[in-house]
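> Just one file: input_22.pdb, with PDB, C-alpha atoms.
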ATOM      1  CA  MET C   1      26.913 -30.383  18.803
ATOM      2  CA  THR C   2      26.910 -32.659  15.778
ATOM      3  CA  THR C   3      27.305 -31.171  12.324
ATOM      4  CA  THR C   4      26.424 -34.402  10.521
ATOM      5  CA  ARG C   5      23.536 -33.601   8.215
ATOM      6  CA  PRO C   6      20.271 -35.547   7.906
ATOM      7  CA  GLU C   7      19.829 -37.426   4.655
ATOM      8  CA  ILE C   8      18.117 -35.645   1.771
ATOM      9  CA  ASP C   9      15.019 -37.277   0.280
ATOM     10  CA  PRO C  10      16.132 -39.217  -2.846
ATOM     11  CA  GLU C  11      13.689 -37.339  -5.101
ATOM     12  CA  LEU C  12      15.097 -34.008  -3.884
ATOM     13  CA  ARG C  13      18.785 -34.941  -3.924
ATOM     14  CA  PRO C  14      19.444 -34.327  -7.664
ATOM     15  CA  LEU C  15      18.606 -30.615  -7.386
ATOM     16  CA  LEU C  16      20.753 -30.107  -4.314
ATOM     17  CA  ASP C  17      23.667 -31.878  -5.980
ATOM     18  CA  LEU C  18      23.585 -29.267  -8.758
ATOM     19  CA  LEU C  19      23.942 -26.333  -6.364
ATOM     20  CA  PRO C  20      27.321 -24.665  -5.881
ATOM     21  CA  ALA C  21      28.536 -23.592  -2.455
ATOM     22  CA  ALA C  22      26.839 -20.223  -2.902
ATOM     23  CA  THR C  23      27.865 -17.060  -1.101
ATOM     24  CA  LEU C  24      25.759 -14.010  -0.450
ATOM     25  CA  THR C  25      27.603 -10.729   0.011
ATOM     26  CA  THR C  26      27.047  -7.049  -0.561
ATOM     27  CA  GLY C  27      28.905  -7.447  -3.846
ATOM     28  CA  THR C  28      26.886 -10.408  -5.114
ATOM     29  CA  LEU C  29      23.487  -9.187  -3.868
ATOM     30  CA  PRO C  30      22.509  -7.192  -7.009
ATOM     31  CA  GLN C  31      23.122 -10.199  -9.244
ATOM     32  CA  VAL C  32      21.326 -12.562  -6.864
ATOM     33  CA  ARG C  33      18.356 -10.183  -6.746
ATOM     34  CA  ASP C  34      18.155 -10.198 -10.531
ATOM     35  CA  LEU C  35      18.145 -13.982 -10.572
ATOM     36  CA  ALA C  36      15.609 -14.267  -7.737
ATOM     37  CA  ALA C  37      12.989 -11.826  -9.025
ATOM     38  CA  PRO C  38      10.222 -13.450 -11.085
ATOM     39  CA  THR C  39       9.932 -12.154 -14.639
ATOM     40  CA  ALA C  40       6.725 -10.578 -15.908
ATOM     41  CA  GLU C  41       6.385 -13.516 -18.292
ATOM     42  CA  SER C  42       6.689 -16.117 -15.525
ATOM     43  CA  VAL C  43       4.136 -14.286 -13.394
ATOM     44  CA  GLU C  44       1.701 -14.083 -16.281
ATOM     45  CA  SER C  45       2.212 -17.774 -16.975
ATOM     46  CA  LEU C  46       1.415 -18.663 -13.369
ATOM     47  CA  LEU C  47      -1.684 -16.477 -13.256
ATOM     48  CA  THR C  48      -3.086 -17.993 -16.446
ATOM     49  CA  ALA C  49      -1.983 -21.626 -16.036
ATOM     50  CA  GLY C  50      -5.323 -23.398 -16.237
ATOM     51  CA  ARG C  51      -7.061 -20.790 -14.141
ATOM     52  CA  THR C  52      -8.905 -17.494 -14.386
ATOM     53  CA  VAL C  53      -7.683 -15.003 -11.809
ATOM     54  CA  GLY C  54      -8.874 -11.464 -11.278
ATOM     55  CA  ARG C  55      -5.960  -9.106 -10.702
ATOM     56  CA  ARG C  56      -5.943  -5.642  -9.181
ATOM     57  CA  ASP C  57      -2.749  -3.712  -8.413
ATOM     58  CA  VAL C  58      -3.082  -1.146  -5.667
ATOM     59  CA  GLY C  59      -0.816   0.770  -3.368
ATOM     60  CA  VAL C  60      -0.762   1.921   0.205
ATOM     61  CA  THR C  61       1.515   4.552   1.672
ATOM     62  CA  ALA C  62       3.882   3.996   4.570
ATOM     63  CA  PRO C  63       4.014   6.647   7.314
ATOM     64  CA  ASP C  64       7.205   8.083   5.770
ATOM     65  CA  GLY C  65       5.427   8.530   2.429
ATOM     66  CA  THR C  66       6.945   5.513   0.669
ATOM     67  CA  PRO C  67       4.508   3.587  -1.541
ATOM     68  CA  VAL C  68       3.974  -0.079  -0.665
ATOM     69  CA  PRO C  69       2.528  -1.961  -3.666
ATOM     70  CA  LEU C  70      -0.083  -4.690  -3.205
ATOM     71  CA  THR C  71      -1.648  -7.057  -5.713
ATOM     72  CA  VAL C  72      -5.118  -8.515  -5.120
ATOM     73  CA  LEU C  73      -5.786 -11.867  -6.814
ATOM     74  CA  SER C  74      -9.390 -13.060  -6.808
ATOM     75  CA  PRO C  75     -10.982 -16.388  -7.750
ATOM     76  CA  PRO C  76     -13.313 -16.465 -10.741
ATOM     77  CA  GLY C  77     -16.944 -15.603 -10.158
ATOM     78  CA  LEU C  78     -16.299 -13.883  -6.844
ATOM     79  CA  ASP C  79     -19.625 -12.736  -5.392
ATOM     80  CA  ARG C  80     -18.925  -9.815  -3.075
ATOM     81  CA  SER C  81     -22.248 -10.369  -1.340
ATOM     82  CA  THR C  82     -20.859 -13.682  -0.056
ATOM     83  CA  PRO C  83     -17.444 -12.798   1.403
ATOM     84  CA  VAL C  84     -14.638 -15.344   1.259
ATOM     85  CA  PRO C  85     -11.447 -15.768   3.307
ATOM     86  CA  CYS C  86      -8.338 -13.813   2.393
ATOM     87  CA  VAL C  87      -4.697 -14.877   2.549
ATOM     88  CA  PHE C  88      -2.246 -12.019   3.006
ATOM     89  CA  TRP C  89       0.931 -13.380   1.429
ATOM     90  CA  VAL C  90       4.471 -12.350   2.417
ATOM     91  CA  HIS C  91       7.201 -13.520   0.032
ATOM     92  CA  GLY C  92      10.537 -15.068   0.916
ATOM     93  CA  GLY C  93      14.068 -14.066  -0.030
ATOM     94  CA  GLY C  94      16.096 -13.696   3.152
ATOM     95  CA  MET C  95      14.649 -10.187   3.642
ATOM     96  CA  VAL C  96      17.056  -8.992   0.948
ATOM     97  CA  MET C  97      15.538 -10.175  -2.347
ATOM     98  CA  GLY C  98      12.364 -11.218  -4.128
ATOM     99  CA  ASP C  99       9.128  -9.352  -4.758
ATOM    100  CA  ARG C 100       5.412  -9.799  -4.193
ATOM    101  CA  PHE C 101       5.180 -12.443  -6.919
ATOM    102  CA  SER C 102       7.932 -14.621  -5.463
ATOM    103  CA  ASN C 103       6.567 -17.998  -4.318
ATOM    104  CA  ILE C 104       3.112 -16.923  -5.504
ATOM    105  CA  ASP C 105       2.369 -20.467  -6.695
ATOM    106  CA  ILE C 106       1.841 -21.483  -3.046
ATOM    107  CA  PRO C 107      -1.099 -19.156  -2.255
ATOM    108  CA  LEU C 108      -2.447 -19.578  -5.796
ATOM    109  CA  GLU C 109      -3.114 -23.207  -4.868
ATOM    110  CA  TRP C 110      -5.281 -21.923  -2.007
ATOM    111  CA  LEU C 111      -7.074 -19.583  -4.386
ATOM    112  CA  ASP C 112      -7.755 -22.539  -6.701
ATOM    113  CA  GLN C 113      -8.654 -25.123  -4.088
ATOM    114  CA  LEU C 114     -10.218 -23.093  -1.285
ATOM    115  CA  GLY C 115     -11.632 -20.129  -3.199
ATOM    116  CA  VAL C 116      -9.767 -17.509  -1.157
ATOM    117  CA  VAL C 117      -8.700 -14.035  -2.213
ATOM    118  CA  VAL C 118      -4.914 -13.601  -2.131
ATOM    119  CA  VAL C 119      -3.284 -10.246  -1.406
ATOM    120  CA  THR C 120       0.489 -10.109  -1.786
ATOM    121  CA  VAL C 121       2.712  -7.283  -0.534
ATOM    122  CA  ASP C 122       5.919  -5.689  -1.845
ATOM    123  CA  TYR C 123       7.548  -4.790   1.457
ATOM    124  CA  ARG C 124      10.822  -2.898   1.286
ATOM    125  CA  LEU C 125      14.012  -4.959   1.349
ATOM    126  CA  ALA C 126      17.171  -4.813   3.445
ATOM    127  CA  PRO C 127      19.759  -3.395   3.547
ATOM    128  CA  GLU C 128      18.060  -0.341   2.009
ATOM    129  CA  ALA C 129      15.324  -0.724   4.640
ATOM    130  CA  THR C 130      16.164  -1.914   8.136
ATOM    131  CA  GLY C 131      14.684  -2.745  11.515
ATOM    132  CA  THR C 132      10.909  -2.865  11.768
ATOM    133  CA  THR C 133      10.384  -1.156   8.392
ATOM    134  CA  LEU C 134       9.750  -4.463   6.597
ATOM    135  CA  VAL C 135       7.157  -5.766   9.040
ATOM    136  CA  GLU C 136       5.524  -2.327   9.316
ATOM    137  CA  ASP C 137       5.113  -2.280   5.518
ATOM    138  CA  CYS C 138       3.349  -5.634   5.835
ATOM    139  CA  TYR C 139       1.188  -4.317   8.657
ATOM    140  CA  ARG C 140       0.188  -1.325   6.552
ATOM    141  CA  GLY C 141      -0.912  -3.665   3.783
ATOM    142  CA  LEU C 142      -2.810  -5.968   6.143
ATOM    143  CA  THR C 143      -4.633  -3.019   7.676
ATOM    144  CA  TRP C 144      -5.624  -1.822   4.195
ATOM    145  CA  VAL C 145      -7.103  -5.242   3.432
ATOM    146  CA  ALA C 146      -9.151  -5.218   6.630
ATOM    147  CA  GLU C 147     -10.390  -1.680   5.946
ATOM    148  CA  HIS C 148     -11.394  -2.564   2.357
ATOM    149  CA  ALA C 149     -12.764  -6.028   3.065
ATOM    150  CA  ALA C 150     -16.259  -5.299   1.733
ATOM    151  CA  ASP C 151     -14.925  -3.897  -1.536
ATOM    152  CA  LEU C 152     -12.610  -6.898  -1.941
ATOM    153  CA  GLY C 153     -15.323  -9.450  -1.201
ATOM    154  CA  VAL C 154     -13.328 -10.590   1.825
ATOM    155  CA  ASP C 155     -14.632 -11.820   5.167
ATOM    156  CA  PRO C 156     -12.690  -9.775   7.761
ATOM    157  CA  ALA C 157     -13.204 -12.578  10.298
ATOM    158  CA  ARG C 158     -11.236 -14.988   8.073
ATOM    159  CA  LEU C 159      -8.074 -13.037   7.352
ATOM    160  CA  VAL C 160      -4.928 -15.205   7.240
ATOM    161  CA  VAL C 161      -1.296 -14.120   7.272
ATOM    162  CA  ALA C 162       1.075 -16.495   5.498
ATOM    163  CA  GLY C 163       4.576 -16.551   4.103
ATOM    164  CA  THR C 164       7.604 -18.656   3.345
ATOM    165  CA  SER C 165      11.177 -18.372   4.629
ATOM    166  CA  ALA C 166      11.803 -14.677   5.390
ATOM    167  CA  GLY C 167       8.149 -14.105   4.542
ATOM    168  CA  GLY C 168       7.189 -16.721   7.114
ATOM    169  CA  GLY C 169       9.212 -14.856   9.729
ATOM    170  CA  LEU C 170       7.605 -11.569   8.739
ATOM    171  CA  ALA C 171       4.165 -13.203   8.845
ATOM    172  CA  ALA C 172       4.912 -14.385  12.394
ATOM    173  CA  GLY C 173       6.022 -10.875  13.344
ATOM    174  CA  LEU C 174       2.905  -9.486  11.692
ATOM    175  CA  ALA C 175       0.664 -11.781  13.768
ATOM    176  CA  LEU C 176       2.430 -10.602  16.937
ATOM    177  CA  LEU C 177       2.079  -6.978  15.874
ATOM    178  CA  ALA C 178      -1.644  -7.354  15.113
ATOM    179  CA  ARG C 179      -2.172  -9.119  18.457
ATOM    180  CA  ASP C 180      -0.408  -6.406  20.420
ATOM    181  CA  ARG C 181      -2.112  -3.509  18.596
ATOM    182  CA  GLY C 182      -5.488  -5.202  18.815
ATOM    183  CA  THR C 183      -6.188  -4.968  15.086
ATOM    184  CA  PRO C 184      -6.676  -6.315  12.485
ATOM    185  CA  ALA C 185      -8.087  -9.628  13.675
ATOM    186  CA  VAL C 186      -6.036 -12.511  12.273
ATOM    187  CA  ALA C 187      -7.831 -15.841  11.917
ATOM    188  CA  ALA C 188      -4.756 -18.009  11.265
ATOM    189  CA  GLN C 189      -1.084 -17.888  10.350
ATOM    190  CA  VAL C 190       0.715 -20.241   7.967
ATOM    191  CA  LEU C 191       4.477 -20.214   8.446
ATOM    192  CA  VAL C 192       6.362 -22.142   5.770
ATOM    193  CA  CYS C 193       9.994 -22.858   6.771
ATOM    194  CA  PRO C 194       9.989 -19.479   8.545
ATOM    195  CA  MET C 195      13.087 -17.377   9.323
ATOM    196  CA  LEU C 196      12.394 -16.629  12.996
ATOM    197  CA  ASP C 197      15.586 -16.162  14.996
ATOM    198  CA  HIS C 198      18.361 -13.647  14.310
ATOM    199  CA  ARG C 199      20.670 -15.456  16.745
ATOM    200  CA  ASN C 200      21.288 -18.089  14.051
ATOM    201  CA  ASP C 201      22.814 -20.464  16.591
ATOM    202  CA  SER C 202      20.650 -23.590  16.665
ATOM    203  CA  GLY C 203      21.853 -27.124  16.085
ATOM    204  CA  SER C 204      20.383 -27.176  12.593
ATOM    205  CA  SER C 205      21.969 -23.836  11.732
ATOM    206  CA  HIS C 206      25.388 -25.330  12.500
ATOM    207  CA  GLN C 207      24.586 -28.459  10.495
ATOM    208  CA  PHE C 208      24.008 -26.222   7.483
ATOM    209  CA  ALA C 209      26.744 -23.677   8.123
ATOM    210  CA  ALA C 210      27.683 -23.585   4.432
ATOM    211  CA  GLY C 211      26.661 -25.054   1.107
ATOM    212  CA  PRO C 212      25.632 -26.937  -0.794
ATOM    213  CA  ALA C 213      22.282 -25.726   0.509
ATOM    214  CA  THR C 214      19.490 -23.554  -0.788
ATOM    215  CA  TRP C 215      19.949 -21.406   2.339
ATOM    216  CA  SER C 216      22.885 -21.786   4.707
ATOM    217  CA  ARG C 217      23.865 -20.391   8.094
ATOM    218  CA  ALA C 218      26.334 -18.064   6.362
ATOM    219  CA  MET C 219      23.657 -16.742   3.994
ATOM    220  CA  ASN C 220      21.282 -16.400   6.935
ATOM    221  CA  ALA C 221      23.861 -14.315   8.812
ATOM    222  CA  PHE C 222      24.079 -11.979   5.819
ATOM    223  CA  GLY C 223      20.306 -11.565   5.690
ATOM    224  CA  TRP C 224      20.022 -10.799   9.391
ATOM    225  CA  GLN C 225      22.920  -8.339   9.361
ATOM    226  CA  ALA C 226      21.360  -6.582   6.367
ATOM    227  CA  VAL C 227      18.087  -5.980   8.199
ATOM    228  CA  LEU C 228      19.529  -5.354  11.675
ATOM    229  CA  GLY C 229      22.743  -3.515  10.873
ATOM    230  CA  GLU C 230      25.720  -3.350  13.203
ATOM    231  CA  GLY C 231      25.533  -3.319  16.989
ATOM    232  CA  HIS C 232      22.177  -5.082  17.294
ATOM    233  CA  ALA C 233      23.086  -7.574  20.017
ATOM    234  CA  THR C 234      20.565  -6.427  22.622
ATOM    235  CA  GLU C 235      18.039  -4.321  20.722
ATOM    236  CA  VAL C 236      16.161  -6.566  18.327
ATOM    237  CA  SER C 237      12.401  -6.238  18.097
ATOM    238  CA  GLN C 238      10.282  -9.348  18.557
ATOM    239  CA  TYR C 239       8.365  -8.241  15.469
ATOM    240  CA  VAL C 240      11.558  -8.606  13.413
ATOM    241  CA  SER C 241      12.898 -11.733  15.141
ATOM    242  CA  PRO C 242       9.770 -13.448  16.507
ATOM    243  CA  ALA C 243      11.768 -16.090  18.411
ATOM    244  CA  ARG C 244      12.664 -13.261  20.815
ATOM    245  CA  ALA C 245       9.038 -12.820  21.896
ATOM    246  CA  ASP C 246       8.599 -13.636  25.579
ATOM    247  CA  ASP C 247       4.856 -14.192  25.227
ATOM    248  CA  LEU C 248       3.368 -16.357  22.474
ATOM    249  CA  SER C 249      -0.100 -16.510  23.987
ATOM    250  CA  GLY C 250      -3.115 -15.082  22.196
ATOM    251  CA  LEU C 251      -1.892 -15.950  18.715
ATOM    252  CA  PRO C 252      -4.251 -17.312  16.059
ATOM    253  CA  PRO C 253      -4.180 -20.988  15.037
ATOM    254  CA  THR C 254      -0.736 -21.572  13.584
ATOM    255  CA  TYR C 255       0.645 -23.961  10.978
ATOM    256  CA  VAL C 256       4.417 -24.457  10.877
ATOM    257  CA  ASP C 257       6.222 -26.715   8.452
ATOM    258  CA  VAL C 258       9.885 -27.192   7.694
ATOM    259  CA  GLY C 259      12.298 -29.760   6.283
ATOM    260  CA  SER C 260      14.424 -31.965   8.523
ATOM    261  CA  ALA C 261      17.503 -31.137   6.422
ATOM    262  CA  GLU C 262      17.605 -27.372   6.658
ATOM    263  CA  VAL C 263      18.931 -24.462   8.643
ATOM    264  CA  PHE C 264      15.594 -23.317  10.168
ATOM    265  CA  ARG C 265      14.455 -26.730  11.464
ATOM    266  CA  ASP C 266      15.227 -26.277  15.146
ATOM    267  CA  GLU C 267      14.045 -22.688  15.535
ATOM    268  CA  ASP C 268      10.766 -23.580  13.829
ATOM    269  CA  VAL C 269      10.189 -26.620  16.041
ATOM    270  CA  SER C 270      10.942 -24.458  19.080
ATOM    271  CA  TYR C 271       8.460 -21.789  17.991
ATOM    272  CA  ALA C 272       5.622 -24.293  17.634
ATOM    273  CA  SER C 273       6.544 -25.850  20.984
ATOM    274  CA  ARG C 274       6.434 -22.471  22.697
ATOM    275  CA  ILE C 275       2.977 -21.757  21.243
ATOM    276  CA  TRP C 276       1.789 -25.050  22.784
ATOM    277  CA  ALA C 277       3.454 -24.122  26.078
ATOM    278  CA  ALA C 278       1.481 -20.854  26.032
ATOM    279  CA  GLY C 279      -1.767 -22.795  25.580
ATOM    280  CA  GLY C 280      -2.065 -22.025  21.872
ATOM    281  CA  HIS C 281      -3.083 -23.956  18.774
ATOM    282  CA  ALA C 282      -0.185 -24.991  16.569
ATOM    283  CA  GLU C 283       0.264 -27.758  14.026
ATOM    284  CA  LEU C 284       3.857 -28.672  13.225
ATOM    285  CA  HIS C 285       5.195 -30.791  10.367
ATOM    286  CA  VAL C 286       8.870 -31.643   9.904
ATOM    287  CA  TRP C 287       9.236 -33.240   6.492
ATOM    288  CA  ALA C 288      11.936 -35.909   6.534
ATOM    289  CA  GLY C 289      14.636 -35.261   3.964
ATOM    290  CA  GLY C 290      13.358 -31.832   2.984
ATOM    291  CA  PHE C 291      15.846 -29.022   2.372
ATOM    292  CA  HIS C 292      14.937 -25.342   2.598
ATOM    293  CA  GLY C 293      12.147 -24.527   0.163
ATOM    294  CA  PHE C 294      11.971 -28.103  -1.146
ATOM    295  CA  ASP C 295       8.238 -28.046  -1.837
ATOM    296  CA  ALA C 296       8.551 -24.978  -4.062
ATOM    297  CA  LEU C 297      11.762 -25.991  -5.823
ATOM    298  CA  VAL C 298      10.828 -29.629  -6.497
ATOM    299  CA  PRO C 299       7.017 -29.592  -6.443
ATOM    300  CA  GLY C 300       6.753 -32.932  -8.249
ATOM    301  CA  ALA C 301       8.478 -34.922  -5.483
ATOM    302  CA  ARG C 302       6.176 -37.037  -3.350
ATOM    303  CA  VAL C 303       7.272 -35.345  -0.120
ATOM    304  CA  SER C 304       6.625 -31.923  -1.704
ATOM    305  CA  ALA C 305       3.141 -32.921  -2.830
ATOM    306  CA  ALA C 306       2.401 -34.261   0.656
ATOM    307  CA  ALA C 307       3.626 -31.050   2.284
ATOM    308  CA  ARG C 308       1.537 -28.820   0.042
ATOM    309  CA  ARG C 309      -1.555 -31.000   0.319
ATOM    310  CA  THR C 310      -1.349 -31.215   4.126
ATOM    311  CA  ARG C 311      -0.901 -27.453   4.443
ATOM    312  CA  THR C 312      -3.916 -26.769   2.235
ATOM    313  CA  GLU C 313      -6.079 -29.278   4.105
ATOM    314  CA  TRP C 314      -5.215 -27.650   7.429
ATOM    315  CA  LEU C 315      -6.044 -24.189   6.121
ATOM    316  CA  GLY C 316      -9.358 -25.413   4.760
ATOM    317  CA  ARG C 317     -10.267 -26.958   8.126
ATOM    318  CA  VAL C 318      -9.369 -23.833  10.082
ATOM    319  CA  LEU C 319     -11.287 -21.551   7.725
ATOM    320  CA  GLY C 320     -14.240 -23.905   7.319
ATOM    321  CA  THR C 321     -13.754 -23.796   3.560
ATOM    322  CA  ARG C 322     -14.506 -26.701   1.266
ATOM    323  CA  ASN C 323     -12.120 -27.675  -1.484
ATOM    324  CA  ALA C 324     -13.244 -25.679  -4.543
ATOM    325  CA  SER C 325     -11.206 -27.584  -7.128
TER     326      SER C 325
END
Spit out the file's structure as structure tokens when you get a sec.


Amino acid sequence: MTTTRPEIDPELRPLLDLLPAATLTTGTLPQVRDLAAPTAESVESLLTAGRTVGRRDVGVTAPDGTPVPLTVLSPPGLDRSTPVPCVFWVHGGGMVMGDRFSNIDIPLEWLDQLGVVVVTVDYRLAPEATGTTLVEDCYRGLTWVAEHAADLGVDPARLVVAGTSAGGGLAAGLALLARDRGTPAVAAQVLVCPMLDHRNDSGSSHQFAAGPATWSRAMNAFGWQAVLGEGHATEVSQYVSPARADDLSGLPPTYVDVGSAEVFRDEDVSYASRIWAAGGHAELHVWAGGFHGFDALVPGARVSAAARRTRTEWLGRVLGTRNAS
């Protein structure tokens, strides 16, 4: 198994060259969480950057009584008598960091360009929460959206689950969970460089065993151990680690994209391939020279713009939504 890494796109290389060989441990996690969480000022700046967005903060309650915050973001002039699609957004952060406003610029582009409502969820984080708790929090939020579709101005037949990195993995688990429980109906899933396989043993994971990288095999191992705990070798739910699912039939149309120069490349390619093998609809893009999260971290690069544009165009086609920008 080669550990020689693919070349990084020249427009992306300068950022990666600045990164230290980062480590993620129980001791460093509090500091990393502080650095990773968006500030109130940065969120406000995003929500008001050349756009008018309606905002509503709500909360649902998990079965154990824990509140699960949601934020509903609506396009201007939303007419509830003409329901629009909804994207249920699941943030990234290795399942150990971030909040519902992390990576929010990605679905905000869909709000701007496709006129969708965005609902983003603050699922609980590992290691404080473990096992299926994270994906169940997401499911609770998704169910709330479906139940309140009319009030939100949302078309329940065009409900999308989407996320990036750990959020992409949770979105995949959420689509499996909704399929197996028979509700809510999910019209599509958008999985951006998703974290799908706790085994962490693919060729690309070994290529990116350590830094410099925005997410390495070592960091990935920490994230998975945080959510799974010790002694998890044989008892890992497919809703937590979707690559474990034996049956990928009956899933909604799926978009998967990933960089060629990152730890999740091979597991993401495999997941799309297995959806095809099950007779499903999947579109896969592997962006040459892209590292993990490249399109969010260096949005001005040509490969980043292409990735974001292609993703949005696919979502618009699947939802039958014209570009609103």

> I need the residue nearest Arg217 (chain C) from this list: C:Arg140, C:Leu24, C:Ser304, C:Arg100. Use all atoms listed in the file for the distance.

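Using all atoms listed in the file, Arg217 (chain C) sits closest to C:Leu24.
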
> Would you list the residues near (2.9, -3.5, 7.2) (no more than 10 Å away, in the coordinates of the file, using only C-alpha atoms) as a ChimeraX atom specification?

/C:60-62,68,121-124,132-144,170-171,174,177-178

> Near Ser270 (chain C), counting all atoms listed in the file, which residues have an atom at most 12 Å away, once you skip same-chain residues fewer than 3 positions from it, shown as a PyMOL selection string?

chain C and resi 194+196-197+202-204+242-244+248+256-258+264-267+273-277+282+284+286

> Measuring atom to atom with all atoms listed in the file, identify which of C:Trp314, C:Trp224, C:Trp110, C:Phe208 is nearest to Gly94 (chain C).

C:Trp224

> Do you have the CA of Thr120 (chain C)-CA of Ala213 (chain C) distance handy?

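That distance, rounded to one decimal, is 26.9 Å.
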
> Using the chain letters and numbers from the file, give me the residues hit by the PyMOL selection byres ((chain C and resi 58) around 8), as an mmCIF file with C-alpha atoms, in the frame of the given file.


data_model
loop_
_atom_site.group_PDB
_atom_site.id
_atom_site.type_symbol
_atom_site.label_atom_id
_atom_site.label_comp_id
_atom_site.auth_asym_id
_atom_site.auth_seq_id
_atom_site.Cartn_x
_atom_site.Cartn_y
_atom_site.Cartn_z
ATOM 1 C CA ARG C 56 -5.943 -5.642 -9.181
ATOM 2 C CA ASP C 57 -2.749 -3.712 -8.413
ATOM 3 C CA GLY C 59 -0.816 0.770 -3.368
ATOM 4 C CA VAL C 60 -0.762 1.921 0.205
ATOM 5 C CA PRO C 69 2.528 -1.961 -3.666
ATOM 6 C CA LEU C 70 -0.083 -4.690 -3.205
ATOM 7 C CA THR C 71 -1.648 -7.057 -5.713
ATOM 8 C CA VAL C 72 -5.118 -8.515 -5.120
#

> I need the residue set behind the PyMOL selection byres ((chain C and resi 164) around 10) for this file; please write it as a list of chain:residue names.

C:Trp89, C:Val90, C:His91, C:Gly92, C:Gly93, C:Gly94, C:Ser102, C:Asn103, C:Ile106, C:Ala162, C:Gly163, C:Ser165, C:Ala166, C:Gly167, C:Gly168, C:Gly169, C:Leu170, C:Ala171, C:Val190, C:Leu191, C:Val192, C:Cys193, C:Pro194, C:Met195, C:Asp257, C:Val258, C:His292, C:Gly293, C:Ala296
